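First the structure, in the form of structure tokens, and then the observations on it.
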Amino acid sequence: MSGIEITNLRKSFGNVKAIEEMTLTIPNGVFCVILGPSGCGKSTMLNCVAGLEDVTSGTIKIGGRDVTNLPPHARDIAMVFQSSLLYPHLTALQNVRMSLKNSDTGAVEAKRRIDHAVGILEIASVLDKKPGAMSGGQRQRVAMAKAIVRNPTAFLMDEPLAALDAALRQSLRPELAALQRQLGTTTIFVTHDQVEAMTLGDLIVVMNDGRVEQIGTPDEIYNNPATKFVAAFIGSPPMNFFEGQVEDLNNGPALRTQYGPIAIPRHLFDRMGGRAHSLGVRPQHIDINRTKTDGSIPGTVFAIENLGKESVIILHDTAGHDYRVLVGPDHGYSVGESTYMCPDLSQAHLF
Amino acid sequence: MRRTSLSLGLAALVAVIWTLLPIYWILKTAFIAPVDAVAFPAPLWPSNPHFAAVHNIFGFGYTDADGREFLPAGQSKQVINGLKNSVIVAFFVTIITLLIIVPLSYAFARFEFRGKTALLMAILFSVAVPPVSTLIPFYILFVKLGLTGTALGLIIINLTITVPFVTWMLIGYFRNLPAVEPLARVDGFSRLSTLIFIVIPMARSGIAVAAIVSFLFAWNEFVFATQLVNGTPAATLPTAVSGFLFLQPQPGLLSASLWISIIPAALVAFFLQRHIAEMNLVEPVK
Ligand SMILES: Nc1ncnc2c1ncn2[C@@H]1O[C@H](COP(=O)(O)OP(=O)(O)OP(=O)(O)O)[C@@H](O)[C@H]1O
Ligand SMILES: [Mg+2]
């Protein structure tokens with residue numbers, strides 16, 4: 001049985017196409033992360049699944065049931081909103097109870113579920129507090145408890161960790177992942193934070209401008225980005241792009257740049273042909289030297305970011321493009337030095 | 001730090017004296033014997049308190065220690081009637097104002113609809129217009145409708161002031177409340193039940209303050225009452241009290257009836273002050 005099936009979903013607000021076209025199947029029990037920059041339609045997509053927004057066209061099935069025209073409450077979902085929104089005038093316990101107030105759950109069963117949720121989320125000590133008197137992490141747990149007491153077919157979460165500070169986010173991430181595994185409930189989690197996406201998701205959907213750019217596991221998304229957008233969006237520091245024209249020269253395919261040709265492996269060329277015009281290489285796959293070698297690209301050290309275990313050297317070429325190179329701690333370079341970049345072409349991507 | 005707390009204390013002291021001294025003076029005058037009331041310099045406290053005024057305004061006679069009898073007469077008979085009318089007018093003005101403004105300002109704060117800006121401007125405009133300027137048109141209208149001299153007429157005219165004013169006040173308050181509507185929809189509340197079971201309890205401080213403002217306005221309203229109901233059986237407390245100003249000076253009765261008009265207002269404000277404080281927080285109830 002499939003968890004959530006979205007088919008040809010489209011959503012417009014007047015003339016604004018928030019979602020151009022989306023088809024997505026999330027298998028039962030899978031943690032699916034929707035990742036994309038601000039304004040790309042993530043929340044809109046989630047609200048369509050939740051029933052908070054009507055779809056313009058397309059169908060949505062949850063647990064095999066077509067819910068496209070059902071109100072949110074009838075969809076058998078639970079939602080955690082941005083910043084773990086709760087009713088501000090109610091205590092944690094009253095907030096959790098609200099989830100079951102309009103359902104036909106009996107009092108005994110309701111109590112059992114609430115006790116269970118309070119137990120796994122360890123919120124017994126804050127049950128009498130109102131959201132204003134709780135910490136961000138506690139609010140997040142109460143919002144989760146409020147979601148799980150519904151025993152839903154699917155969890156929908158819209159950037160629930162976004163308002164928390166970095167340390168708290170880091171500690172809540174693995175808890176959230178563990179909780180989802182333990183419950184085995186199909187989950188859609190919206191975020192614009194790639195680290196959240198990579199660490200939480202079984203499946204990542206990268207969105208841009210109302211369209212799906214790629215659907216895949218974190219490994220696939222990172223190692224085989226389908227589009228230049230995905231390649232640039234995923235990974236920190238971000239991927240470098242060398243721009244030029246790809247041509248099949250007599251000594252093999254190459255990217256013709258203003259600094260001379262960069263040879264391209266045959267298998268990459270065969271996939272993209274002559275349509276490609278940029279070569280993407282991750283920062284850890286570029287070597288830098290002080291001396292020019294065959295196919296190397298000149299760059300001047302513009303800045304050095306010391307991350308402790310390693311450093312990021314930011315280079316500028318003559319046109320002012322940025323390139324980022326990861327090097328070990330004793331690299332010996334200093335700002336203003338002229339260097340040459342040698343991309344590892346076996347790890348490169350053509351777009 | 002010490003200096004600021006010292007000057008803060010001084011400022012508070014001045015403010016307290018500034019507000020409380022006149023009130024004390026009224027309190028004192030209500031218990032002063034008629035002979036002492038005209039003494040000069042005026043006594044600072046009632047050395048032998050005298051209870052004729054507080055009896056008379058409630059319609060009771062009073063015999064003092066010297067065996068003199070003070071009977072309620074003239075204007076003092078109006079006070080208890082005015083009190084009753086004021087309670088009726090202020091109560092209905094408050095209730096009707098709340099029934100109108102809660103859904104109205106919620107809709108203004110949360111929904112987009114055609115003509116919204118124009119309506120908001122109209123409300124702001126009616127807040128800005130001095131009430132006195134509408135008095136004559138209203139008077140003529142009320143004469144034609146037979147509403148002069150009735151509590152109903154007074155309630156209607158009070159509403160024309162309280163509704164726009166309090167709506168304007170509450171719109172901002174509702175806007176500042178967290179947008180829990182989608183949460184409520186997922187929890188299975190309809191639009192109407194969200195308003196009744198979620199939004200109104202969540203907004204109770206703002207609504208309580210709106211109630212205080214409406215109540216106090218209607219309770220203290222004098223200008224319209226003078227024109228519409230003064231001298232009729234529907235006269236409210238402020239007009240009844242003002243009657244003392246035009247008679248031969250009776251400072252005791254005047255002060256005693258002023259007390260009656262202050263006490264309910266003070267009680268309302270006292271019991272709802274927690275909400276006033278809460279509403280003034282930058283992030284309400286959050
Ligand atoms: N109610 C609405 N009316 C009109 N346009 C809307 C509405 N809701 C969203 N949009 C538009 O739809 C697009 C997608 O918005 P959406 O909120 O889904 O983005 P998002 O990916 O969730 O962004 P963020 O990361 O900032 O939350 C945006 O261009 C937005 O302006
Ligand atoms: Mg969003």
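Chain labels A, B, ... are given in the sequence in which chains occur in the structure tokens; within each chain residues are numbered consecutively from 1, and ligands are likewise numbered from 1 in the order shown.
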> Hey, what does DSSP flag as alpha helix (DSSP H) within range 69-221 of chain B? Can you give it to me as number ranges by chain?
Replying inline: B: 76-110, 116-128, 135-145, 151-176, 181-186, 191-193, 200-202, 204-220
>> Residues of chain B within 10 Å of chain A, counting only C-alpha atoms, what are they? List them as a list in words.
In response: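 Result: Leu177, Pro178, Ala179, Val180, Glu181, Pro182, Leu183, Ala184, Arg185, Val186, Asp187, Gly188, Phe189, Ser190, Ile198, Val199, Pro201, Met202, Ala203, Arg204, Glu283, Pro284, Val285 and Lys286 of chain B.
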>> At a cut-off of 10 Å and counting only C-alpha atoms and all ligand atoms, what residues surround ligand 2? Please answer as a VMD selection string.
In response: chain A and resid 36 to 47 81 to 82 158 to 159 190 to 192
>> Based on the backbone DSSP call, show me all residues of range 15-115 of chain A assigned strand (DSSP E or B), as a PyMOL selection string.
In response: chain A and resi 16-27+31-35+57-62+65-66+77-80
Convert the current residue selection to file output with C-alpha atoms, as a tab-separated table (two decimals), in the first residue's frame.
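Now in out.tsv:
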```
chain	number	residue	atom	x	y	z
A	16	VAL	CA	0.71	33.04	-9.73
A	17	LYS	CA	1.52	29.42	-10.46
A	18	ALA	CA	2.68	28.22	-7.06
A	19	ILE	CA	2.95	24.60	-8.23
A	20	GLU	CA	3.31	24.04	-11.95
A	21	GLU	CA	3.16	20.29	-12.00
A	22	MET	CA	3.99	17.68	-9.43
A	23	THR	CA	3.76	13.94	-9.37
A	24	LEU	CA	5.16	12.15	-6.38
A	25	THR	CA	4.69	8.74	-4.80
A	26	ILE	CA	5.83	8.30	-1.23
A	27	PRO	CA	5.89	4.66	-0.15
A	31	PHE	CA	10.27	10.01	5.61
A	32	CYS	CA	10.06	12.33	2.62
A	33	VAL	CA	11.67	15.77	2.74
A	34	ILE	CA	10.58	18.55	0.43
A	35	LEU	CA	13.58	20.81	-0.04
A	57	SER	CA	-6.05	20.26	-10.60
A	58	GLY	CA	-4.63	16.84	-9.85
A	59	THR	CA	-5.37	14.16	-7.27
A	60	ILE	CA	-4.02	13.34	-3.85
A	61	LYS	CA	-4.29	9.92	-2.26
A	62	ILE	CA	-3.37	9.19	1.33
A	65	ARG	CA	-7.82	6.76	-0.38
A	66	ASP	CA	-8.55	9.68	-2.68
A	77	ILE	CA	-3.34	13.38	8.75
A	78	ALA	CA	-1.64	15.29	11.53
A	79	MET	CA	0.22	18.48	10.90
A	80	VAL	CA	3.05	20.26	12.66
```
>> Restricting the calculation to only C-alpha atoms and all ligand atoms: of A:Val118, A:Leu176, A:Cys48, A:Met198, which residue gets closest to ligand 1?
In response: A:Cys48
>> Show me, as a list in words, the residues that have an atom within 8 Å of Leu216 in chain B when counting only C-alpha atoms, minus same-chain residues fewer than 3 positions from it.
In response: Ala90, Ile212, Val213, Trp219, Asn220 and Ala265 of chain B
